[in-house]
>>> print(open('query_9.cif').read())   # mmCIF, C-alpha atoms (C1' of nucleotides)
data_input
#
loop_
_atom_site.group_PDB
_atom_site.id
_atom_site.type_symbol
_atom_site.label_atom_id
_atom_site.label_comp_id
_atom_site.auth_asym_id
_atom_site.auth_seq_id
_atom_site.Cartn_x
_atom_site.Cartn_y
_atom_site.Cartn_z
ATOM 1 C CA MET A 1 -13.669 -5.076 5.858
ATOM 2 C CA MET A 2 -14.018 -8.754 5.089
ATOM 3 C CA GLN A 3 -16.944 -8.027 2.813
ATOM 4 C CA HIS A 4 -14.342 -6.431 0.565
ATOM 5 C CA ALA A 5 -11.161 -8.332 1.337
ATOM 6 C CA ALA A 6 -12.289 -11.932 1.809
ATOM 7 C CA ASP A 7 -11.637 -14.663 -0.753
ATOM 8 C CA ARG A 8 -9.264 -12.812 -3.047
ATOM 9 C CA PRO A 9 -5.502 -12.712 -3.243
ATOM 10 C CA VAL A 10 -4.130 -10.096 -0.891
ATOM 11 C CA ALA A 11 -0.783 -8.554 -0.082
ATOM 12 C CA LEU A 12 0.166 -7.468 3.394
ATOM 13 C CA VAL A 13 2.294 -4.645 4.696
ATOM 14 C CA ARG A 14 3.842 -5.972 7.868
ATOM 15 C CA MET A 15 5.803 -4.281 10.605
ATOM 16 C CA PRO A 16 6.352 -7.127 13.022
ATOM 17 C CA SER A 17 8.851 -5.199 15.117
ATOM 18 C CA GLY A 18 6.777 -2.069 15.525
ATOM 19 C CA LEU A 19 7.055 1.410 14.107
ATOM 20 C CA ASP A 20 10.826 1.525 14.555
ATOM 21 C CA GLY A 21 11.387 -1.797 12.860
ATOM 22 C CA GLN A 22 11.524 -2.726 9.238
ATOM 23 C CA ARG A 23 8.513 -2.699 7.043
ATOM 24 C CA PHE A 24 7.882 -5.108 4.221
ATOM 25 C CA PHE A 25 5.328 -5.955 1.632
ATOM 26 C CA GLN A 26 4.403 -9.611 1.400
ATOM 27 C CA ARG A 27 2.288 -11.235 -1.273
ATOM 28 C CA HIS A 28 3.372 -14.860 -1.062
ATOM 29 C CA ALA A 29 2.263 -17.041 1.785
ATOM 30 C CA GLY A 30 5.117 -18.031 4.056
ATOM 31 C CA LYS A 31 5.952 -20.687 6.562
ATOM 32 C CA GLY A 32 4.715 -20.130 10.047
ATOM 33 C CA PHE A 33 1.542 -18.459 8.925
ATOM 34 C CA PRO A 34 -1.500 -19.039 11.116
ATOM 35 C CA ASP A 35 -3.726 -21.896 9.961
ATOM 36 C CA ALA A 36 -6.616 -19.509 9.465
ATOM 37 C CA ILE A 37 -4.811 -17.769 6.606
ATOM 38 C CA GLY A 38 -5.299 -19.492 3.288
ATOM 39 C CA THR A 39 -3.422 -19.630 0.004
ATOM 40 C CA VAL A 40 -4.495 -19.333 -3.586
ATOM 41 C CA ARG A 41 -2.422 -20.411 -6.570
ATOM 42 C CA LEU A 42 -1.729 -17.595 -9.004
ATOM 43 C CA THR A 43 0.065 -17.619 -12.330
ATOM 44 C CA GLU A 44 2.369 -14.607 -12.585
ATOM 45 C CA ALA A 45 3.207 -12.729 -15.747
ATOM 46 C CA SER A 46 6.443 -14.684 -16.035
ATOM 47 C CA GLY A 47 4.397 -17.864 -16.184
ATOM 48 C CA ARG A 48 5.550 -18.853 -12.734
ATOM 49 C CA GLU A 49 2.987 -20.130 -10.290
ATOM 50 C CA ALA A 50 3.007 -18.918 -6.728
ATOM 51 C CA ASP A 51 0.859 -19.292 -3.657
ATOM 52 C CA TYR A 52 -0.660 -15.993 -2.714
ATOM 53 C CA ILE A 53 -2.174 -15.036 0.593
ATOM 54 C CA THR A 54 -5.936 -15.075 0.958
ATOM 55 C CA LEU A 55 -8.150 -14.338 3.937
ATOM 56 C CA PRO A 56 -11.240 -16.571 4.136
ATOM 57 C CA ASP A 57 -12.744 -14.974 7.226
ATOM 58 C CA ALA A 58 -12.282 -12.642 10.160
ATOM 59 C CA ALA A 59 -10.097 -15.186 11.950
ATOM 60 C CA ALA A 60 -7.635 -14.971 9.078
ATOM 61 C CA LEU A 61 -7.572 -11.191 9.301
ATOM 62 C CA LEU A 62 -6.946 -11.494 13.016
ATOM 63 C CA GLY A 63 -4.117 -13.910 12.263
ATOM 64 C CA ALA A 64 -2.635 -11.403 9.877
ATOM 65 C CA GLY A 65 -2.802 -8.770 12.584
ATOM 66 C CA GLN A 66 -0.998 -11.118 14.912
ATOM 67 C CA MET A 67 1.889 -11.183 12.420
ATOM 68 C CA GLY A 68 2.215 -7.439 12.553
ATOM 69 C CA THR A 69 0.064 -6.656 9.527
ATOM 70 C CA LEU A 70 -0.930 -3.021 9.195
ATOM 71 C CA GLU A 71 -2.153 -2.838 5.632
ATOM 72 C CA VAL A 72 -4.150 -5.227 3.504
ATOM 73 C CA HIS A 73 -3.978 -4.717 -0.254
ATOM 74 C CA ILE A 74 -6.480 -6.569 -2.407
ATOM 75 C CA HIS A 75 -6.455 -7.943 -5.930
ATOM 76 C CA GLY A 76 -9.199 -7.047 -8.354
ATOM 77 C CA ALA A 77 -10.548 -10.579 -8.765
ATOM 78 C CA ARG A 78 -11.893 -13.194 -6.406
ATOM 79 C CA ASN A 79 -10.370 -16.615 -5.958
ATOM 80 C CA ASP A 80 -13.125 -18.466 -7.793
ATOM 81 C CA ARG A 81 -12.614 -16.503 -11.015
ATOM 82 C CA LEU A 82 -9.168 -14.939 -11.033
ATOM 83 C CA ASP A 83 -9.496 -14.104 -14.720
ATOM 84 C CA ARG A 84 -12.668 -12.071 -14.241
ATOM 85 C CA PRO A 85 -12.103 -9.005 -12.061
ATOM 86 C CA ASP A 86 -15.058 -7.747 -10.061
ATOM 87 C CA ARG A 87 -13.670 -4.298 -9.372
ATOM 88 C CA LEU A 88 -11.803 -1.528 -11.105
ATOM 89 C CA VAL A 89 -9.946 1.282 -9.380
ATOM 90 C CA PHE A 90 -8.967 4.773 -10.362
ATOM 91 C CA ASP A 91 -6.427 6.088 -7.917
ATOM 92 C CA LEU A 92 -6.628 9.879 -7.925
ATOM 93 C CA ASP A 93 -3.248 10.967 -6.730
ATOM 94 C CA PRO A 94 -2.626 14.694 -6.275
ATOM 95 C CA ASP A 95 0.728 16.327 -6.721
ATOM 96 C CA GLU A 96 2.413 17.525 -3.560
ATOM 97 C CA GLY A 97 0.706 20.611 -2.208
ATOM 98 C CA LEU A 98 -2.430 20.371 -4.332
ATOM 99 C CA ALA A 99 -5.580 21.213 -2.384
ATOM 100 C CA PHE A 100 -7.753 18.266 -1.419
ATOM 101 C CA GLU A 101 -10.607 20.146 -3.036
ATOM 102 C CA GLU A 102 -8.989 19.377 -6.392
ATOM 103 C CA VAL A 103 -9.008 15.667 -5.592
ATOM 104 C CA LYS A 104 -12.650 15.837 -4.629
ATOM 105 C CA ARG A 105 -13.412 17.598 -7.857
ATOM 106 C CA ALA A 106 -11.617 14.871 -9.770
ATOM 107 C CA ALA A 107 -13.560 12.194 -7.895
ATOM 108 C CA ARG A 108 -16.820 13.930 -8.686
ATOM 109 C CA GLU A 109 -15.957 14.123 -12.368
ATOM 110 C CA MET A 110 -14.957 10.497 -12.411
ATOM 111 C CA GLY A 111 -18.240 9.586 -10.732
ATOM 112 C CA ASP A 112 -20.140 11.587 -13.316
ATOM 113 C CA LEU A 113 -18.433 9.756 -16.141
ATOM 114 C CA MET A 114 -19.018 6.324 -14.618
ATOM 115 C CA ARG A 115 -22.710 7.104 -14.229
ATOM 116 C CA ARG A 116 -22.868 8.349 -17.795
ATOM 117 C CA LEU A 117 -21.341 5.065 -18.921
ATOM 118 C CA GLY A 118 -23.977 3.182 -16.957
ATOM 119 C CA LEU A 119 -21.572 1.956 -14.276
ATOM 120 C CA SER A 120 -21.870 2.317 -10.550
ATOM 121 C CA CYS A 121 -19.034 3.469 -8.332
ATOM 122 C CA ALA A 122 -18.067 4.801 -4.936
ATOM 123 C CA PRO A 123 -15.261 7.054 -3.708
ATOM 124 C CA MET A 124 -12.919 6.028 -0.938
ATOM 125 C CA VAL A 125 -10.365 8.112 0.921
ATOM 126 C CA THR A 126 -7.211 6.050 1.100
ATOM 127 C CA GLY A 127 -5.725 7.265 4.336
ATOM 128 C CA GLY A 128 -3.088 9.112 2.407
ATOM 129 C CA LYS A 129 -3.693 12.138 0.238
ATOM 130 C CA GLY A 130 -5.594 10.455 -2.519
ATOM 131 C CA VAL A 131 -9.010 9.104 -3.312
ATOM 132 C CA HIS A 132 -9.864 5.840 -4.979
ATOM 133 C CA VAL A 133 -12.900 5.740 -7.204
ATOM 134 C CA VAL A 134 -13.914 2.095 -7.053
ATOM 135 C CA VAL A 135 -16.130 0.605 -9.738
ATOM 136 C CA PRO A 136 -17.712 -2.714 -8.707
ATOM 137 C CA LEU A 137 -18.295 -4.919 -11.716
ATOM 138 C CA ARG A 138 -20.323 -7.893 -12.749
ATOM 139 C CA ARG A 139 -17.709 -10.364 -13.892
ATOM 140 C CA VAL A 140 -18.289 -10.341 -17.618
ATOM 141 C CA ALA A 141 -15.015 -8.896 -18.888
ATOM 142 C CA GLY A 142 -11.396 -9.975 -18.539
ATOM 143 C CA TRP A 143 -8.309 -8.066 -17.508
ATOM 144 C CA GLU A 144 -7.430 -6.966 -21.003
ATOM 145 C CA THR A 145 -10.753 -5.185 -21.410
ATOM 146 C CA LEU A 146 -10.526 -3.688 -17.952
ATOM 147 C CA ARG A 147 -7.057 -2.365 -18.472
ATOM 148 C CA GLY A 148 -7.889 -0.865 -21.829
ATOM 149 C CA PHE A 149 -10.974 0.762 -20.388
ATOM 150 C CA ALA A 150 -9.084 2.238 -17.441
ATOM 151 C CA GLN A 151 -6.329 3.563 -19.657
ATOM 152 C CA ALA A 152 -8.771 5.149 -22.076
ATOM 153 C CA VAL A 153 -10.632 6.865 -19.254
ATOM 154 C CA ALA A 154 -7.453 8.231 -17.689
ATOM 155 C CA GLN A 155 -6.149 9.491 -21.010
ATOM 156 C CA GLY A 156 -9.523 10.991 -21.801
ATOM 157 C CA PHE A 157 -9.354 12.980 -18.583
ATOM 158 C CA GLU A 158 -5.902 14.214 -19.464
ATOM 159 C CA ARG A 159 -6.953 15.248 -22.943
ATOM 160 C CA ARG A 160 -9.976 17.125 -21.670
ATOM 161 C CA ALA A 161 -8.148 19.016 -18.952
ATOM 162 C CA PRO A 162 -4.396 18.685 -19.416
ATOM 163 C CA ASP A 163 -3.754 21.451 -16.905
ATOM 164 C CA ARG A 164 -5.515 19.501 -14.170
ATOM 165 C CA TYR A 165 -4.938 15.843 -15.005
ATOM 166 C CA THR A 166 -2.230 13.530 -16.158
ATOM 167 C CA ALA A 167 -2.406 9.859 -17.009
ATOM 168 C CA THR A 168 1.372 9.564 -16.874
ATOM 169 C CA MET A 169 3.108 8.484 -13.733
ATOM 170 C CA SER A 170 6.289 10.483 -14.220
ATOM 171 C CA LYS A 171 6.970 13.115 -11.611
ATOM 172 C CA ALA A 172 7.541 15.871 -14.144
ATOM 173 C CA ARG A 173 4.101 15.494 -15.700
ATOM 174 C CA ARG A 174 2.422 15.613 -12.336
ATOM 175 C CA GLU A 175 3.304 19.135 -11.356
ATOM 176 C CA GLY A 176 0.188 20.808 -9.982
ATOM 177 C CA ARG A 177 -2.027 18.051 -11.346
ATOM 178 C CA VAL A 178 -3.960 15.014 -10.259
ATOM 179 C CA PHE A 179 -2.387 11.826 -11.537
ATOM 180 C CA ILE A 180 -5.079 9.351 -12.529
ATOM 181 C CA ASP A 181 -3.399 6.057 -11.792
ATOM 182 C CA TRP A 182 -5.116 3.494 -13.965
ATOM 183 C CA LEU A 183 -2.301 0.958 -13.583
ATOM 184 C CA ARG A 184 -3.853 -0.630 -10.509
ATOM 185 C CA ASN A 185 -6.037 -2.639 -12.856
ATOM 186 C CA ASP A 186 -3.882 -5.562 -13.750
ATOM 187 C CA THR A 187 -3.689 -9.200 -12.744
ATOM 188 C CA ALA A 188 -0.779 -8.747 -10.371
ATOM 189 C CA ALA A 189 -1.622 -5.272 -9.094
ATOM 190 C CA THR A 190 -3.269 -4.507 -5.799
ATOM 191 C CA ALA A 191 -5.016 -1.578 -4.179
ATOM 192 C CA ILE A 192 -5.488 -0.764 -0.517
ATOM 193 C CA SER A 193 -8.547 -2.541 0.910
ATOM 194 C CA PRO A 194 -11.474 -0.538 2.171
ATOM 195 C CA TYR A 195 -11.081 -0.126 5.946
ATOM 196 C CA SER A 196 -7.479 -1.228 5.974
ATOM 197 C CA LEU A 197 -5.352 0.723 8.399
ATOM 198 C CA ARG A 198 -2.324 2.482 6.952
ATOM 199 C CA ALA A 199 1.181 1.862 8.220
ATOM 200 C CA ARG A 200 1.748 5.419 9.370
ATOM 201 C CA LEU A 201 1.806 7.280 12.598
ATOM 202 C CA MET A 202 -1.654 7.082 14.177
ATOM 203 C CA ALA A 203 -2.601 4.310 11.726
ATOM 204 C CA PRO A 204 -5.168 6.315 9.818
ATOM 205 C CA VAL A 205 -7.861 4.896 7.642
ATOM 206 C CA ALA A 206 -9.017 8.223 6.374
ATOM 207 C CA SER A 207 -6.832 11.248 5.820
ATOM 208 C CA ARG A 208 -7.076 14.385 7.868
ATOM 209 C CA SER A 209 -7.462 16.337 4.699
ATOM 210 C CA ASN A 210 -11.174 15.686 4.662
ATOM 211 C CA GLY A 211 -11.492 15.963 8.408
ATOM 212 C CA ARG A 212 -12.580 12.416 9.057
ATOM 213 C CA SER A 213 -10.857 10.369 11.727
ATOM 214 C CA TRP A 214 -10.526 6.622 11.371
ATOM 215 C CA ILE A 215 -13.267 6.230 13.961
ATOM 216 C CA GLY A 216 -15.435 8.294 11.658
ATOM 217 C CA SER A 217 -14.515 6.034 8.788
ATOM 218 C CA ILE A 218 -15.724 3.005 10.668
ATOM 219 C CA ALA A 219 -18.959 4.749 11.525
ATOM 220 C CA ARG A 220 -19.465 5.499 7.873
ATOM 221 C CA THR A 221 -19.215 1.884 6.832
ATOM 222 C CA GLY A 222 -22.315 0.456 8.358
ATOM 223 C CA SER A 223 -20.162 -1.748 10.543
ATOM 224 C CA THR A 224 -21.908 -3.695 13.268
ATOM 225 C CA TRP A 225 -19.908 -1.626 15.698
ATOM 226 C CA ARG A 226 -21.739 1.657 16.060
ATOM 227 C CA PRO A 227 -20.792 4.872 17.745
ATOM 228 C CA ARG A 228 -23.259 6.340 20.192
ATOM 229 C CA ARG A 229 -23.886 9.461 18.268
ATOM 230 C CA ARG A 230 -26.872 9.172 15.988
ATOM 231 C CA GLY A 231 -26.923 10.227 12.398
ATOM 232 C CA TRP A 232 -23.568 8.714 11.514
ATOM 233 C CA MET A 233 -24.888 5.462 10.240
ATOM 234 C CA GLN A 234 -25.068 5.193 6.536
ATOM 235 C CA PRO A 235 -24.841 2.182 4.287
ATOM 236 C CA ALA A 236 -21.305 1.571 3.065
ATOM 237 C CA PRO A 237 -21.256 3.428 -0.263
ATOM 238 C CA LEU A 238 -19.234 0.743 -1.995
ATOM 239 C CA LEU A 239 -21.455 -2.093 -0.826
ATOM 240 C CA GLU A 240 -24.480 -0.154 -1.985
ATOM 241 C CA ALA A 241 -22.831 0.427 -5.341
ATOM 242 C CA SER A 242 -21.999 -3.265 -5.646
ATOM 243 C CA LYS A 243 -25.609 -4.376 -5.541
ATOM 244 C CA GLY A 244 -26.628 -5.300 -9.043
ATOM 245 C CA ALA A 245 -23.576 -3.582 -10.483
ATOM 246 C CA PRO A 246 -23.305 -3.934 -14.250
ATOM 247 C CA GLY A 247 -20.248 -5.265 -16.028
ATOM 248 C CA LEU A 248 -18.073 -3.811 -18.755
ATOM 249 C CA SER A 249 -20.353 -4.617 -21.637
ATOM 250 C CA GLU A 250 -20.248 -3.744 -25.311
ATOM 251 C CA ARG A 251 -22.703 -0.985 -24.527
ATOM 252 C CA THR A 252 -20.374 0.468 -21.903
ATOM 253 C CA LEU A 253 -17.494 0.500 -24.320
ATOM 254 C CA ASP A 254 -19.630 2.172 -26.979
ATOM 255 C CA ALA A 255 -20.593 4.862 -24.498
ATOM 256 C CA LEU A 256 -16.917 5.332 -23.699
ATOM 257 C CA GLU A 257 -16.177 5.740 -27.407
ATOM 258 C CA ASP A 258 -18.772 8.500 -27.620
ATOM 259 C CA TRP A 259 -17.243 10.298 -24.667
ATOM 260 C CA LEU A 260 -13.766 10.018 -26.100
ATOM 261 C CA GLU A 261 -14.873 11.391 -29.442
ATOM 262 C CA GLU A 262 -16.491 14.367 -27.760
ATOM 263 C CA SER A 263 -13.163 15.324 -26.283
ATOM 264 C CA ALA A 264 -11.134 14.653 -29.405
ATOM 265 C "C1'" DG B 1 8.169 -16.278 13.026
ATOM 266 C "C1'" DT B 2 11.434 -19.370 11.009
ATOM 267 C "C1'" DC B 3 15.354 -21.011 8.903
ATOM 268 C "C1'" DC B 4 20.106 -21.706 8.620
ATOM 269 C "C1'" DC B 5 24.810 -21.047 9.537
ATOM 270 C "C1'" DA B 6 28.676 -20.200 12.614
ATOM 271 C "C1'" DC B 7 30.445 -21.001 16.767
ATOM 272 C "C1'" DG C 1 22.560 -26.136 21.515
ATOM 273 C "C1'" DT C 2 22.082 -21.640 20.696
ATOM 274 C "C1'" DG C 3 22.819 -16.874 19.270
ATOM 275 C "C1'" DG C 4 22.197 -13.990 15.546
ATOM 276 C "C1'" DG C 5 21.244 -12.400 10.948
ATOM 277 C "C1'" DA C 6 18.520 -12.603 6.813
ATOM 278 C "C1'" DC C 7 14.247 -12.930 5.072
ATOM 279 C "C1'" DA C 8 9.344 -12.099 3.974
ATOM 280 C "C1'" DA C 9 7.069 -8.463 -4.091
ATOM 281 C "C1'" DC C 10 5.736 -7.601 -8.463
ATOM 282 C "C1'" DG C 11 5.348 -5.493 -12.925
ATOM 283 C "C1'" DC C 12 4.382 -1.651 -15.208
ATOM 284 C "C1'" DC C 13 5.656 2.788 -17.797
ATOM 285 C "C1'" DC C 14 8.890 5.978 -19.279
ATOM 286 C "C1'" DA C 15 13.487 8.063 -19.707
ATOM 287 C "C1'" DT D 1 17.992 -1.586 -19.748
ATOM 288 C "C1'" DG D 2 17.111 0.485 -15.483
ATOM 289 C "C1'" DG D 3 14.740 3.549 -12.247
ATOM 290 C "C1'" DG D 4 10.629 5.181 -10.203
ATOM 291 C "C1'" DC D 5 6.479 4.121 -8.621
ATOM 292 C "C1'" DG D 6 2.767 2.154 -5.898
#
>>> encode(input="query_9.cif", output="structure tokens")
Amino acid sequence: MMQHAADRPVALVRMPSGLDGQRFFQRHAGKGFPDAIGTVRLTEASGREADYITLPDAAALLGAGQMGTLEVHIHGARNDRLDRPDRLVFDLDPDEGLAFEEVKRAAREMGDLMRRLGLSCAPMVTGGKGVHVVVPLRRVAGWETLRGFAQAVAQGFERRAPDRYTATMSKARREGRVFIDWLRNDTAATAISPYSLRARLMAPVASRSNGRSWIGSIARTGSTWRPRRRGWMQPAPLLEASKGAPGLSERTLDALEDWLEESA
DNA sequence: GTCCCAC
DNA sequence: GTGGGACAACGCCCA
DNA sequence: TGGGCG
């Protein structure tokens, strides 16, 4: 998990009093935090500066757990270049009651497009009903570019198959469709970290809808902890995709233009 | 977990 | 001094 | 401007 979550601003979902207690989302570092947990100064949209939480190493993650942390949500940029995101996320969020098969189909189509645009990517089940398609990026473009790219892709999907996709968050537009949430790609936005638990009963990592338990999720990652059964070990798809990942270049944006024109 | 106020 | 309650986000889109 | 959303 730390290969994904270390050295970037994070937000925590904490339930320090257990399942029956309150639950809160915390992005600013607070007093009484363990020494192992670090802070990183971030300028918010309002212009205000605030100290955000960051986890330098496994000890910090352990410290977070000690404070009742269930979920870790990560920013799209690392501490050493907060203005140059190294990942982009499409959150594929199905309407209530939509078959998981539809989400998988959406993820496949998104993967196809990313490959066509020369980008690499990997799918991730979120532990809820959705799938994140994560696109690791060389840090050549800023947030503005990223956001515009994500929006264009989501709207392109909607235009191509308006009966199956929507790029609009509103409940009404989502009926029977997969909402492609492109809004996770902003300076202050976060997305659930790979391998984070979820603050739900049984603390899943992966949803039941694809039949994979959280133990199975760990096995899938290439973690140093390995289950006995052979054949489960595979390289973490996202880490594989990150190796030599390209950035959002002029060429990528041109390819996107072509795709958009096709569907116009 | 910590701070702060009321008692 | 101590018991107890409050507190621990942000920013977007769209109506 | 406020509500919904994640």
>>> atom_distance(input="query_9.cif", atom1="atom CA of A:Lys104", atom2="atom CA of A:Arg174")
16.9 Å
>>> closest_atom_pairs(input="query_9.cif", of="chain A", to="chain D", cutoff="12 Å", atoms="all atoms listed in the file", output="JSON lines")
{"residue": "A:Phe25", "atom": "CA", "partner": "D:DG6", "partner_atom": "C1'", "distance": 11.4}
{"residue": "A:His73", "atom": "CA", "partner": "D:DG6", "partner_atom": "C1'", "distance": 11.2}
{"residue": "A:Asp91", "atom": "CA", "partner": "D:DG6", "partner_atom": "C1'", "distance": 10.2}
{"residue": "A:Asp93", "atom": "CA", "partner": "D:DG6", "partner_atom": "C1'", "distance": 10.7}
{"residue": "A:Thr168", "atom": "CA", "partner": "D:DC5", "partner_atom": "C1'", "distance": 11.1}
{"residue": "A:Met169", "atom": "CA", "partner": "D:DC5", "partner_atom": "C1'", "distance": 7.5}
{"residue": "A:Ser170", "atom": "CA", "partner": "D:DG4", "partner_atom": "C1'", "distance": 7.9}
{"residue": "A:Lys171", "atom": "CA", "partner": "D:DG4", "partner_atom": "C1'", "distance": 8.8}
{"residue": "A:Ala172", "atom": "CA", "partner": "D:DG4", "partner_atom": "C1'", "distance": 11.8}
{"residue": "A:Asp181", "atom": "CA", "partner": "D:DG6", "partner_atom": "C1'", "distance": 9.4}
{"residue": "A:Trp182", "atom": "CA", "partner": "D:DG6", "partner_atom": "C1'", "distance": 11.4}
{"residue": "A:Leu183", "atom": "CA", "partner": "D:DG6", "partner_atom": "C1'", "distance": 9.3}
{"residue": "A:Arg184", "atom": "CA", "partner": "D:DG6", "partner_atom": "C1'", "distance": 8.5}
{"residue": "A:Ala189", "atom": "CA", "partner": "D:DG6", "partner_atom": "C1'", "distance": 9.2}
{"residue": "A:Thr190", "atom": "CA", "partner": "D:DG6", "partner_atom": "C1'", "distance": 9.0}
{"residue": "A:Ala191", "atom": "CA", "partner": "D:DG6", "partner_atom": "C1'", "distance": 8.8}
{"residue": "A:Ile192", "atom": "CA", "partner": "D:DG6", "partner_atom": "C1'", "distance": 10.3}
>>> write_last_selection(input="query_9.cif", atoms="C-alpha atoms", output="mmCIF file, in the frame of the given file")
data_model
loop_
_atom_site.group_PDB
_atom_site.id
_atom_site.type_symbol
_atom_site.label_atom_id
_atom_site.label_comp_id
_atom_site.auth_asym_id
_atom_site.auth_seq_id
_atom_site.Cartn_x
_atom_site.Cartn_y
_atom_site.Cartn_z
ATOM 1 C CA PHE A 25 5.328 -5.955 1.632
ATOM 2 C CA HIS A 73 -3.978 -4.717 -0.254
ATOM 3 C CA ASP A 91 -6.427 6.088 -7.917
ATOM 4 C CA ASP A 93 -3.248 10.967 -6.730
ATOM 5 C CA THR A 168 1.372 9.564 -16.874
ATOM 6 C CA MET A 169 3.108 8.484 -13.733
ATOM 7 C CA SER A 170 6.289 10.483 -14.220
ATOM 8 C CA LYS A 171 6.970 13.115 -11.611
ATOM 9 C CA ALA A 172 7.541 15.871 -14.144
ATOM 10 C CA ASP A 181 -3.399 6.057 -11.792
ATOM 11 C CA TRP A 182 -5.116 3.494 -13.965
ATOM 12 C CA LEU A 183 -2.301 0.958 -13.583
ATOM 13 C CA ARG A 184 -3.853 -0.630 -10.509
ATOM 14 C CA ALA A 189 -1.622 -5.272 -9.094
ATOM 15 C CA THR A 190 -3.269 -4.507 -5.799
ATOM 16 C CA ALA A 191 -5.016 -1.578 -4.179
ATOM 17 C CA ILE A 192 -5.488 -0.764 -0.517
#
>>> interface_residues(input="query_9.cif", of="chain A", to="chain B", cutoff="12 Å", atoms="all atoms listed in the file", output="list in words")
Pro16, Ser17, Gly30, Lys31, Gly32, Phe33, Pro34, Gln66, Met67 and Gly68 of chain A
>>> write_last_selection(input="query_9.cif", atoms="C-alpha atoms", output="CSV table (one decimal), in the frame of the given file")
chain,number,residue,atom,x,y,z
A,16,PRO,CA,6.4,-7.1,13.0
A,17,SER,CA,8.9,-5.2,15.1
A,30,GLY,CA,5.1,-18.0,4.1
A,31,LYS,CA,6.0,-20.7,6.6
A,32,GLY,CA,4.7,-20.1,10.0
A,33,PHE,CA,1.5,-18.5,8.9
A,34,PRO,CA,-1.5,-19.0,11.1
A,66,GLN,CA,-1.0,-11.1,14.9
A,67,MET,CA,1.9,-11.2,12.4
A,68,GLY,CA,2.2,-7.4,12.6
>>> resolve_selection(input="query_9.cif", expression="the PyMOL selection byres ((chain C) within 9 of (chain A))", output="MDAnalysis selection string")
chainID C and resid 8:14
>>> write_last_selection(input="query_9.cif", atoms="C-alpha atoms (C1' of nucleotides)", output="CSV table (one decimal), in the coordinates of the input")
chain,number,residue,atom,x,y,z
C,8,DA,C1',9.3,-12.1,4.0
C,9,DA,C1',7.1,-8.5,-4.1
C,10,DC,C1',5.7,-7.6,-8.5
C,11,DG,C1',5.3,-5.5,-12.9
C,12,DC,C1',4.4,-1.7,-15.2
C,13,DC,C1',5.7,2.8,-17.8
C,14,DC,C1',8.9,6.0,-19.3
>>> resolve_selection(input="query_9.cif", expression="the PyMOL selection byres ((chain A and resi 62) around 12)", output="PDB file with C-alpha atoms, keeping the file's coordinate frame")
ATOM      1  CA  MET A   1     -13.669  -5.076   5.858  1.00  0.00           C
ATOM      2  CA  MET A   2     -14.018  -8.754   5.089  1.00  0.00           C
ATOM      3  CA  PHE A  33       1.542 -18.459   8.925  1.00  0.00           C
ATOM      4  CA  PRO A  34      -1.500 -19.039  11.116  1.00  0.00           C
ATOM      5  CA  ASP A  35      -3.726 -21.896   9.961  1.00  0.00           C
ATOM      6  CA  ALA A  36      -6.616 -19.509   9.465  1.00  0.00           C
ATOM      7  CA  ILE A  37      -4.811 -17.769   6.606  1.00  0.00           C
ATOM      8  CA  LEU A  55      -8.150 -14.338   3.937  1.00  0.00           C
ATOM      9  CA  PRO A  56     -11.240 -16.571   4.136  1.00  0.00           C
ATOM     10  CA  ASP A  57     -12.744 -14.974   7.226  1.00  0.00           C
ATOM     11  CA  ALA A  58     -12.282 -12.642  10.160  1.00  0.00           C
ATOM     12  CA  ALA A  59     -10.097 -15.186  11.950  1.00  0.00           C
ATOM     13  CA  ALA A  60      -7.635 -14.971   9.078  1.00  0.00           C
ATOM     14  CA  LEU A  61      -7.572 -11.191   9.301  1.00  0.00           C
ATOM     15  CA  GLY A  63      -4.117 -13.910  12.263  1.00  0.00           C
ATOM     16  CA  ALA A  64      -2.635 -11.403   9.877  1.00  0.00           C
ATOM     17  CA  GLY A  65      -2.802  -8.770  12.584  1.00  0.00           C
ATOM     18  CA  GLN A  66      -0.998 -11.118  14.912  1.00  0.00           C
ATOM     19  CA  MET A  67       1.889 -11.183  12.420  1.00  0.00           C
ATOM     20  CA  GLY A  68       2.215  -7.439  12.553  1.00  0.00           C
ATOM     21  CA  THR A  69       0.064  -6.656   9.527  1.00  0.00           C
ATOM     22  CA  LEU A  70      -0.930  -3.021   9.195  1.00  0.00           C
ATOM     23  CA  VAL A  72      -4.150  -5.227   3.504  1.00  0.00           C
TER      24      VAL A  72
END
>>> resolve_selection(input="query_9.cif", expression="the PyMOL selection byres ((chain A and resi 261) around 12)", output="ChimeraX atom specification")
/A:152-153,156,159-160,254-260,262-264
>>> atom_distance(input="query_9.cif", atom1="atom CA of A:Asp7", atom2="atom CA of A:Arg84")
13.8 Å
